[in-house]
Amino acid sequence: MKVLITTDWYTPAVNGVVTSVLNLRRELMAQGHEVRVLTLSQTPYSRREGDVTYIGAVSAGMIYPGARLRTAPALKLLGELEVWKPDIIHTQCEFSTFFMAKRLAAATGAPIVHTYHTVYEDYTHYFSPSQRWGRAAVASFTRWAVAHTECVIAPTAKVRRILERYQVDRPVHVIPTGIDLSRFNCLADETRLTELRRQFGISTLDKVLVYVGRLAEEKNIGQLLELLASLERRDVRLLLVGDGPSRQELEGRVRALAMEDRVTFAGMVEPAQVADYYRLGDLFVSASTSETQGLTYLEALAAGVPALCRRDECLTGVIVDGVNGCQFRDGVEFRHFLERFLDDAHLRRQLSQGAAETARREFSAEAFGRRVAALYESVLEQRSRDHAA
């Protein structure tokens, strides 16, 4: 098959959409499919590099941090993709590149399969002063976008239920995004980990809670700070890996709580190095309920790091209490599990093994690629039957 993946987000950006696209592209190519990517440039100028077409764009950070909007028409480059004539167009975002995908689908007859990555109703504070109006706008826009597709991929059952609540009129298939396990389950470089501990002032007696992701309001990191502040023990460190619009505010809260010696901001790290930062942690933590799937949870598990996360529908079958971590509902449950975990070395080993096994069994990139390719084939077969009729 010829597969065109369209996405507003691509390298060098680091987020769940980019991770999903890179893994899908690699796995589809490993199966022998021909894959091209249509994305936005980090500059106003368009270009093609190998199988990736970059369309000129400018920052739209006032709408959403890091967002970009297409500016260049790039008719020649889009014409090349039209001549290439993809069999399937797989859209990953609903904005600039989605409109280009619609145009290419109309010109080539290729069906659109869409992955709904982002629960935008959790991000309405970026563009609407009214949460109620913002959610209604999101539902309406989602219905419009999905109406131009053959079907939708939801990373979790949580996302499928949200789309059903929006009353979308296309089939929704749950296919969990897979990750490249080899990046996280290889042997740790102890020299490298020792150097990172020294750099961040982490002693051998400290137990490290690690968070990896954007520092943004919807991630609810402030609750993690409050929960840590409520602990009486002082051998627990919180390592925040990532950056985002809330960093300055969070640094202020850490100072207000007098927790400078217990919270470390590591900043952004290169994707190739992020596995080392997971391994610095004894336990991955998150209080977010805005995830569609949360690839960082899967990466932590693959690195053998159990997870303590705010209970959320997207974690069903991912974080399993007593197997690879715990989902907490309130501060009491958070502290109860954490105290047990920190004081019981056998429990830590057991949950670490369970974490790695869960990732290996359920969330490999290979399985992800096979499931998506099978859906493509089903869509094309149905399209062929419809035309024959």
# chains A, B, ... in the order shown; residues from 1 in each chain; ligands from 1
$ residues_around --residues "Val208 (chain A)" --least-positions-apart "6" --cutoff "10 Å" --atoms "only C-alpha atoms" --output "MDAnalysis selection string"
chainID A and resid 202 235:239 262:263 278:285 342
$ write_last_selection --atoms "C-alpha atoms" --output "PDB file, in the first residue's frame"
ATOM      1  CA  ILE A 202      20.176  12.850  44.081  1.00  0.00           C
ATOM      2  CA  ASP A 235      13.872  10.889  51.451  1.00  0.00           C
ATOM      3  CA  VAL A 236      11.547  11.400  48.453  1.00  0.00           C
ATOM      4  CA  ARG A 237      12.547  13.516  45.444  1.00  0.00           C
ATOM      5  CA  LEU A 238      10.313  14.594  42.558  1.00  0.00           C
ATOM      6  CA  LEU A 239      12.082  14.847  39.186  1.00  0.00           C
ATOM      7  CA  ARG A 262      12.837  17.997  47.081  1.00  0.00           C
ATOM      8  CA  VAL A 263      11.808  18.999  43.543  1.00  0.00           C
ATOM      9  CA  TYR A 278      12.835   7.146  33.483  1.00  0.00           C
ATOM     10  CA  ARG A 279      15.447   4.823  34.984  1.00  0.00           C
ATOM     11  CA  LEU A 280      16.424   7.485  37.508  1.00  0.00           C
ATOM     12  CA  GLY A 281      12.963   7.024  38.959  1.00  0.00           C
ATOM     13  CA  ASP A 282      11.796   4.400  41.395  1.00  0.00           C
ATOM     14  CA  LEU A 283       8.206   5.287  40.532  1.00  0.00           C
ATOM     15  CA  PHE A 284       6.553   7.199  37.672  1.00  0.00           C
ATOM     16  CA  VAL A 285       3.887   9.652  38.882  1.00  0.00           C
ATOM     17  CA  LEU A 342       8.959   2.906  49.565  1.00  0.00           C
TER      18      LEU A 342
END
$ residues_around --residues "Leu69 (chain A)" --least-positions-apart "2" --cutoff "9 Å" --atoms "only C-alpha atoms" --output "JSON, numbers by chain"
{"A": [8, 40, 56, 57, 58, 59, 60, 67, 71, 95, 96, 97]}
$ closest_atom_pairs --of "region 228-314 of chain A" --to "region 144-168 of chain A" --cutoff "12 Å" --atoms "only C-alpha atoms" --output "CSV"
residue,atom,partner,partner_atom,distance
A:Thr289,CA,A:Lys158,CA,10.9
A:Ser290,CA,A:Lys158,CA,10.7
A:Glu291,CA,A:Val159,CA,9.2
A:Thr292,CA,A:Val159,CA,6.1
A:Gln293,CA,A:Pro155,CA,5.9
A:Gly294,CA,A:Pro155,CA,9.4
A:Leu295,CA,A:Pro155,CA,10.1
A:Asp312,CA,A:Lys158,CA,8.7
A:Glu313,CA,A:Lys158,CA,5.5
A:Cys314,CA,A:Lys158,CA,5.3
$ write_last_selection --atoms "C-alpha atoms" --output "PDB file, in the first residue's frame"
ATOM      1  CA  THR A 289      -6.744  13.262  33.639  1.00  0.00           C
ATOM      2  CA  SER A 290      -6.382  14.943  30.224  1.00  0.00           C
ATOM      3  CA  GLU A 291      -4.629  12.088  28.418  1.00  0.00           C
ATOM      4  CA  THR A 292      -6.058  10.157  25.503  1.00  0.00           C
ATOM      5  CA  GLN A 293      -3.598   7.357  26.173  1.00  0.00           C
ATOM      6  CA  GLY A 294      -0.477   8.789  27.771  1.00  0.00           C
ATOM      7  CA  LEU A 295       2.548   7.358  25.983  1.00  0.00           C
ATOM      8  CA  ASP A 312      -8.537   7.822  34.748  1.00  0.00           C
ATOM      9  CA  GLU A 313     -10.487   5.859  32.158  1.00  0.00           C
ATOM     10  CA  CYS A 314      -7.594   5.951  29.689  1.00  0.00           C
TER      11      CYS A 314
END
$ closest_residue --among "A:Val113, A:Val14, A:Ala258, A:Ala359" --to "His173 (chain A)" --atoms "only C-alpha atoms"
A:Val113
$ residues_around --residues "Val274 (chain A)" --least-positions-apart "3" --cutoff "9 Å" --atoms "only C-alpha atoms" --output "ChimeraX atom specification"
/A:184,212,241,269-271,277-279
$ write_last_selection --atoms "N, CA and C atoms" --output "PDB file, in the first residue's frame"
ATOM      1  N   PHE A 184      13.702   1.294  25.635  1.00  0.00           N
ATOM      2  CA  PHE A 184      13.481   1.400  27.083  1.00  0.00           C
ATOM      3  C   PHE A 184      13.823   0.131  27.860  1.00  0.00           C
ATOM      4  N   VAL A 212       7.423  12.657  33.414  1.00  0.00           N
ATOM      5  CA  VAL A 212       7.938  13.022  32.100  1.00  0.00           C
ATOM      6  C   VAL A 212       6.776  13.556  31.274  1.00  0.00           C
ATOM      7  N   VAL A 241      10.631  16.075  34.320  1.00  0.00           N
ATOM      8  CA  VAL A 241      11.372  16.050  33.058  1.00  0.00           C
ATOM      9  C   VAL A 241      10.462  16.590  31.958  1.00  0.00           C
ATOM     10  N   VAL A 269      14.697  17.066  27.435  1.00  0.00           N
ATOM     11  CA  VAL A 269      15.822  16.178  27.117  1.00  0.00           C
ATOM     12  C   VAL A 269      15.592  15.593  25.725  1.00  0.00           C
ATOM     13  N   GLU A 270      16.667  15.195  25.090  1.00  0.00           N
ATOM     14  CA  GLU A 270      16.568  14.585  23.766  1.00  0.00           C
ATOM     15  C   GLU A 270      15.833  13.248  23.859  1.00  0.00           C
ATOM     16  N   PRO A 271      14.974  12.946  22.879  1.00  0.00           N
ATOM     17  CA  PRO A 271      14.243  11.668  22.916  1.00  0.00           C
ATOM     18  C   PRO A 271      15.146  10.460  23.090  1.00  0.00           C
ATOM     19  N   TYR A 277      16.275   8.956  31.995  1.00  0.00           N
ATOM     20  CA  TYR A 277      15.563   9.741  33.005  1.00  0.00           C
ATOM     21  C   TYR A 277      14.447   8.925  33.649  1.00  0.00           C
ATOM     22  N   TYR A 278      13.788   8.067  32.866  1.00  0.00           N
ATOM     23  CA  TYR A 278      12.835   7.146  33.483  1.00  0.00           C
ATOM     24  C   TYR A 278      13.555   6.261  34.494  1.00  0.00           C
ATOM     25  N   ARG A 279      14.729   5.757  34.120  1.00  0.00           N
ATOM     26  CA  ARG A 279      15.447   4.823  34.984  1.00  0.00           C
ATOM     27  C   ARG A 279      15.967   5.484  36.253  1.00  0.00           C
TER      28      ARG A 279
END
$ closest_residue --among "A:Lys2, A:His336, A:Arg361, A:Arg234" --to "Met259 (chain A)" --atoms "only C-alpha atoms"
A:Arg234
$ atom_distance --atom1 "CA of Leu187 (chain A)" --atom2 "CA of Ala303 (chain A)"
9.5 Å
$ decode --residues "region 184-326 of chain A" --atoms "C-alpha atoms" --output "PDB file, in the first residue's frame"
ATOM      1  CA  PHE A 184      13.481   1.400  27.083  1.00  0.00           C
ATOM      2  CA  ASN A 185      14.082  -2.253  27.939  1.00  0.00           C
ATOM      3  CA  CYS A 186      17.814  -2.375  27.177  1.00  0.00           C
ATOM      4  CA  LEU A 187      20.396  -2.583  29.952  1.00  0.00           C
ATOM      5  CA  ALA A 188      20.935   0.669  31.828  1.00  0.00           C
ATOM      6  CA  ASP A 189      24.232   2.531  31.557  1.00  0.00           C
ATOM      7  CA  GLU A 190      25.101   2.753  35.250  1.00  0.00           C
ATOM      8  CA  THR A 191      27.902   5.259  34.629  1.00  0.00           C
ATOM      9  CA  ARG A 192      25.433   7.549  32.875  1.00  0.00           C
ATOM     10  CA  LEU A 193      22.859   7.178  35.674  1.00  0.00           C
ATOM     11  CA  THR A 194      25.492   7.929  38.315  1.00  0.00           C
ATOM     12  CA  GLU A 195      26.431  11.106  36.440  1.00  0.00           C
ATOM     13  CA  LEU A 196      22.794  12.222  36.222  1.00  0.00           C
ATOM     14  CA  ARG A 197      22.270  11.609  39.950  1.00  0.00           C
ATOM     15  CA  ARG A 198      25.331  13.702  40.700  1.00  0.00           C
ATOM     16  CA  GLN A 199      24.119  16.442  38.330  1.00  0.00           C
ATOM     17  CA  PHE A 200      20.730  16.662  40.035  1.00  0.00           C
ATOM     18  CA  GLY A 201      22.002  16.153  43.588  1.00  0.00           C
ATOM     19  CA  ILE A 202      20.176  12.850  44.081  1.00  0.00           C
ATOM     20  CA  SER A 203      21.756  10.735  46.816  1.00  0.00           C
ATOM     21  CA  THR A 204      21.814   6.944  46.925  1.00  0.00           C
ATOM     22  CA  LEU A 205      19.333   7.097  49.823  1.00  0.00           C
ATOM     23  CA  ASP A 206      16.751   9.145  47.913  1.00  0.00           C
ATOM     24  CA  LYS A 207      13.690   7.547  46.384  1.00  0.00           C
ATOM     25  CA  VAL A 208      12.853   9.290  43.113  1.00  0.00           C
ATOM     26  CA  LEU A 209       9.379  10.010  41.768  1.00  0.00           C
ATOM     27  CA  VAL A 210       9.716  10.882  38.086  1.00  0.00           C
ATOM     28  CA  TYR A 211       7.285  12.744  35.846  1.00  0.00           C
ATOM     29  CA  VAL A 212       7.938  13.022  32.100  1.00  0.00           C
ATOM     30  CA  GLY A 213       5.842  15.337  29.942  1.00  0.00           C
ATOM     31  CA  ARG A 214       4.703  18.891  29.307  1.00  0.00           C
ATOM     32  CA  LEU A 215       4.587  21.311  32.199  1.00  0.00           C
ATOM     33  CA  ALA A 216       1.114  22.650  31.506  1.00  0.00           C
ATOM     34  CA  GLU A 217      -2.080  23.400  33.409  1.00  0.00           C
ATOM     35  CA  GLU A 218      -3.987  20.398  32.062  1.00  0.00           C
ATOM     36  CA  LYS A 219      -1.310  18.029  33.409  1.00  0.00           C
ATOM     37  CA  ASN A 220      -2.256  18.915  37.012  1.00  0.00           C
ATOM     38  CA  ILE A 221       1.348  18.911  38.234  1.00  0.00           C
ATOM     39  CA  GLY A 222       0.393  21.267  41.042  1.00  0.00           C
ATOM     40  CA  GLN A 223      -1.416  18.377  42.736  1.00  0.00           C
ATOM     41  CA  LEU A 224       1.781  16.330  42.687  1.00  0.00           C
ATOM     42  CA  LEU A 225       3.552  19.167  44.486  1.00  0.00           C
ATOM     43  CA  GLU A 226       0.809  19.363  47.113  1.00  0.00           C
ATOM     44  CA  LEU A 227       0.879  15.597  47.651  1.00  0.00           C
ATOM     45  CA  LEU A 228       4.648  15.591  48.031  1.00  0.00           C
ATOM     46  CA  ALA A 229       4.473  18.501  50.456  1.00  0.00           C
ATOM     47  CA  SER A 230       2.045  16.507  52.616  1.00  0.00           C
ATOM     48  CA  LEU A 231       4.558  13.658  53.111  1.00  0.00           C
ATOM     49  CA  GLU A 232       6.366  13.637  56.424  1.00  0.00           C
ATOM     50  CA  ARG A 233       9.384  11.728  55.143  1.00  0.00           C
ATOM     51  CA  ARG A 234      12.196  13.649  53.467  1.00  0.00           C
ATOM     52  CA  ASP A 235      13.872  10.889  51.451  1.00  0.00           C
ATOM     53  CA  VAL A 236      11.547  11.400  48.453  1.00  0.00           C
ATOM     54  CA  ARG A 237      12.547  13.516  45.444  1.00  0.00           C
ATOM     55  CA  LEU A 238      10.313  14.594  42.558  1.00  0.00           C
ATOM     56  CA  LEU A 239      12.082  14.847  39.186  1.00  0.00           C
ATOM     57  CA  LEU A 240      10.103  16.796  36.563  1.00  0.00           C
ATOM     58  CA  VAL A 241      11.372  16.050  33.058  1.00  0.00           C
ATOM     59  CA  GLY A 242      10.041  18.338  30.342  1.00  0.00           C
ATOM     60  CA  ASP A 243       9.097  21.951  29.827  1.00  0.00           C
ATOM     61  CA  GLY A 244       6.041  24.000  29.017  1.00  0.00           C
ATOM     62  CA  PRO A 245       3.989  27.125  29.704  1.00  0.00           C
ATOM     63  CA  SER A 246       3.481  26.367  33.418  1.00  0.00           C
ATOM     64  CA  ARG A 247       7.142  25.945  34.362  1.00  0.00           C
ATOM     65  CA  GLN A 248       7.594  29.408  35.853  1.00  0.00           C
ATOM     66  CA  GLU A 249       4.379  29.111  37.866  1.00  0.00           C
ATOM     67  CA  LEU A 250       5.376  25.659  39.141  1.00  0.00           C
ATOM     68  CA  GLU A 251       8.824  26.874  40.136  1.00  0.00           C
ATOM     69  CA  GLY A 252       7.089  29.606  42.145  1.00  0.00           C
ATOM     70  CA  ARG A 253       4.880  27.052  43.893  1.00  0.00           C
ATOM     71  CA  VAL A 254       7.922  24.966  44.789  1.00  0.00           C
ATOM     72  CA  ARG A 255       9.522  28.012  46.414  1.00  0.00           C
ATOM     73  CA  ALA A 256       6.286  28.883  48.241  1.00  0.00           C
ATOM     74  CA  LEU A 257       6.147  25.339  49.628  1.00  0.00           C
ATOM     75  CA  ALA A 258       9.849  25.495  50.606  1.00  0.00           C
ATOM     76  CA  MET A 259      10.501  22.349  48.566  1.00  0.00           C
ATOM     77  CA  GLU A 260      13.510  23.432  46.523  1.00  0.00           C
ATOM     78  CA  ASP A 261      15.535  20.551  47.967  1.00  0.00           C
ATOM     79  CA  ARG A 262      12.837  17.997  47.081  1.00  0.00           C
ATOM     80  CA  VAL A 263      11.808  18.999  43.543  1.00  0.00           C
ATOM     81  CA  THR A 264      14.126  19.124  40.524  1.00  0.00           C
ATOM     82  CA  PHE A 265      13.267  20.612  37.121  1.00  0.00           C
ATOM     83  CA  ALA A 266      15.337  18.694  34.578  1.00  0.00           C
ATOM     84  CA  GLY A 267      13.980  20.583  31.550  1.00  0.00           C
ATOM     85  CA  MET A 268      13.661  19.154  28.050  1.00  0.00           C
ATOM     86  CA  VAL A 269      15.822  16.178  27.117  1.00  0.00           C
ATOM     87  CA  GLU A 270      16.568  14.585  23.766  1.00  0.00           C
ATOM     88  CA  PRO A 271      14.243  11.668  22.916  1.00  0.00           C
ATOM     89  CA  ALA A 272      17.263   9.371  22.595  1.00  0.00           C
ATOM     90  CA  GLN A 273      18.167  10.127  26.233  1.00  0.00           C
ATOM     91  CA  VAL A 274      14.750  10.047  27.871  1.00  0.00           C
ATOM     92  CA  ALA A 275      14.992   6.362  28.843  1.00  0.00           C
ATOM     93  CA  ASP A 276      17.822   7.239  31.250  1.00  0.00           C
ATOM     94  CA  TYR A 277      15.563   9.741  33.005  1.00  0.00           C
ATOM     95  CA  TYR A 278      12.835   7.146  33.483  1.00  0.00           C
ATOM     96  CA  ARG A 279      15.447   4.823  34.984  1.00  0.00           C
ATOM     97  CA  LEU A 280      16.424   7.485  37.508  1.00  0.00           C
ATOM     98  CA  GLY A 281      12.963   7.024  38.959  1.00  0.00           C
ATOM     99  CA  ASP A 282      11.796   4.400  41.395  1.00  0.00           C
ATOM    100  CA  LEU A 283       8.206   5.287  40.532  1.00  0.00           C
ATOM    101  CA  PHE A 284       6.553   7.199  37.672  1.00  0.00           C
ATOM    102  CA  VAL A 285       3.887   9.652  38.882  1.00  0.00           C
ATOM    103  CA  SER A 286       1.137  11.674  37.197  1.00  0.00           C
ATOM    104  CA  ALA A 287      -2.004  13.469  38.339  1.00  0.00           C
ATOM    105  CA  SER A 288      -3.269  14.233  34.825  1.00  0.00           C
ATOM    106  CA  THR A 289      -6.744  13.262  33.639  1.00  0.00           C
ATOM    107  CA  SER A 290      -6.382  14.943  30.224  1.00  0.00           C
ATOM    108  CA  GLU A 291      -4.629  12.088  28.418  1.00  0.00           C
ATOM    109  CA  THR A 292      -6.058  10.157  25.503  1.00  0.00           C
ATOM    110  CA  GLN A 293      -3.598   7.357  26.173  1.00  0.00           C
ATOM    111  CA  GLY A 294      -0.477   8.789  27.771  1.00  0.00           C
ATOM    112  CA  LEU A 295       2.548   7.358  25.983  1.00  0.00           C
ATOM    113  CA  THR A 296       4.809   8.403  28.840  1.00  0.00           C
ATOM    114  CA  TYR A 297       2.992   5.877  31.044  1.00  0.00           C
ATOM    115  CA  LEU A 298       3.804   3.139  28.534  1.00  0.00           C
ATOM    116  CA  GLU A 299       7.423   4.276  28.243  1.00  0.00           C
ATOM    117  CA  ALA A 300       7.824   4.183  32.017  1.00  0.00           C
ATOM    118  CA  LEU A 301       6.411   0.654  32.159  1.00  0.00           C
ATOM    119  CA  ALA A 302       8.708  -0.455  29.322  1.00  0.00           C
ATOM    120  CA  ALA A 303      11.671   0.894  31.310  1.00  0.00           C
ATOM    121  CA  GLY A 304      10.565  -1.276  34.245  1.00  0.00           C
ATOM    122  CA  VAL A 305       9.333   1.695  36.294  1.00  0.00           C
ATOM    123  CA  PRO A 306       5.978   1.138  38.061  1.00  0.00           C
ATOM    124  CA  ALA A 307       3.432   3.969  37.963  1.00  0.00           C
ATOM    125  CA  LEU A 308       1.340   5.817  40.536  1.00  0.00           C
ATOM    126  CA  CYS A 309      -1.237   7.818  38.591  1.00  0.00           C
ATOM    127  CA  ARG A 310      -4.504   9.645  39.096  1.00  0.00           C
ATOM    128  CA  ARG A 311      -7.354   7.253  38.305  1.00  0.00           C
ATOM    129  CA  ASP A 312      -8.537   7.822  34.748  1.00  0.00           C
ATOM    130  CA  GLU A 313     -10.487   5.859  32.158  1.00  0.00           C
ATOM    131  CA  CYS A 314      -7.594   5.951  29.689  1.00  0.00           C
ATOM    132  CA  LEU A 315      -5.509   3.856  32.110  1.00  0.00           C
ATOM    133  CA  THR A 316      -7.887   0.893  32.147  1.00  0.00           C
ATOM    134  CA  GLY A 317      -5.770  -2.153  31.344  1.00  0.00           C
ATOM    135  CA  VAL A 318      -2.594  -0.023  31.457  1.00  0.00           C
ATOM    136  CA  ILE A 319      -1.940   0.736  35.128  1.00  0.00           C
ATOM    137  CA  VAL A 320      -3.247  -2.277  37.034  1.00  0.00           C
ATOM    138  CA  ASP A 321      -3.294  -2.064  40.825  1.00  0.00           C
ATOM    139  CA  GLY A 322      -0.914  -4.560  42.391  1.00  0.00           C
ATOM    140  CA  VAL A 323       0.512  -5.612  39.004  1.00  0.00           C
ATOM    141  CA  ASN A 324       2.508  -2.635  37.769  1.00  0.00           C
ATOM    142  CA  GLY A 325       1.522   0.224  40.056  1.00  0.00           C
ATOM    143  CA  CYS A 326      -1.589   1.927  41.365  1.00  0.00           C
TER     144      CYS A 326
END
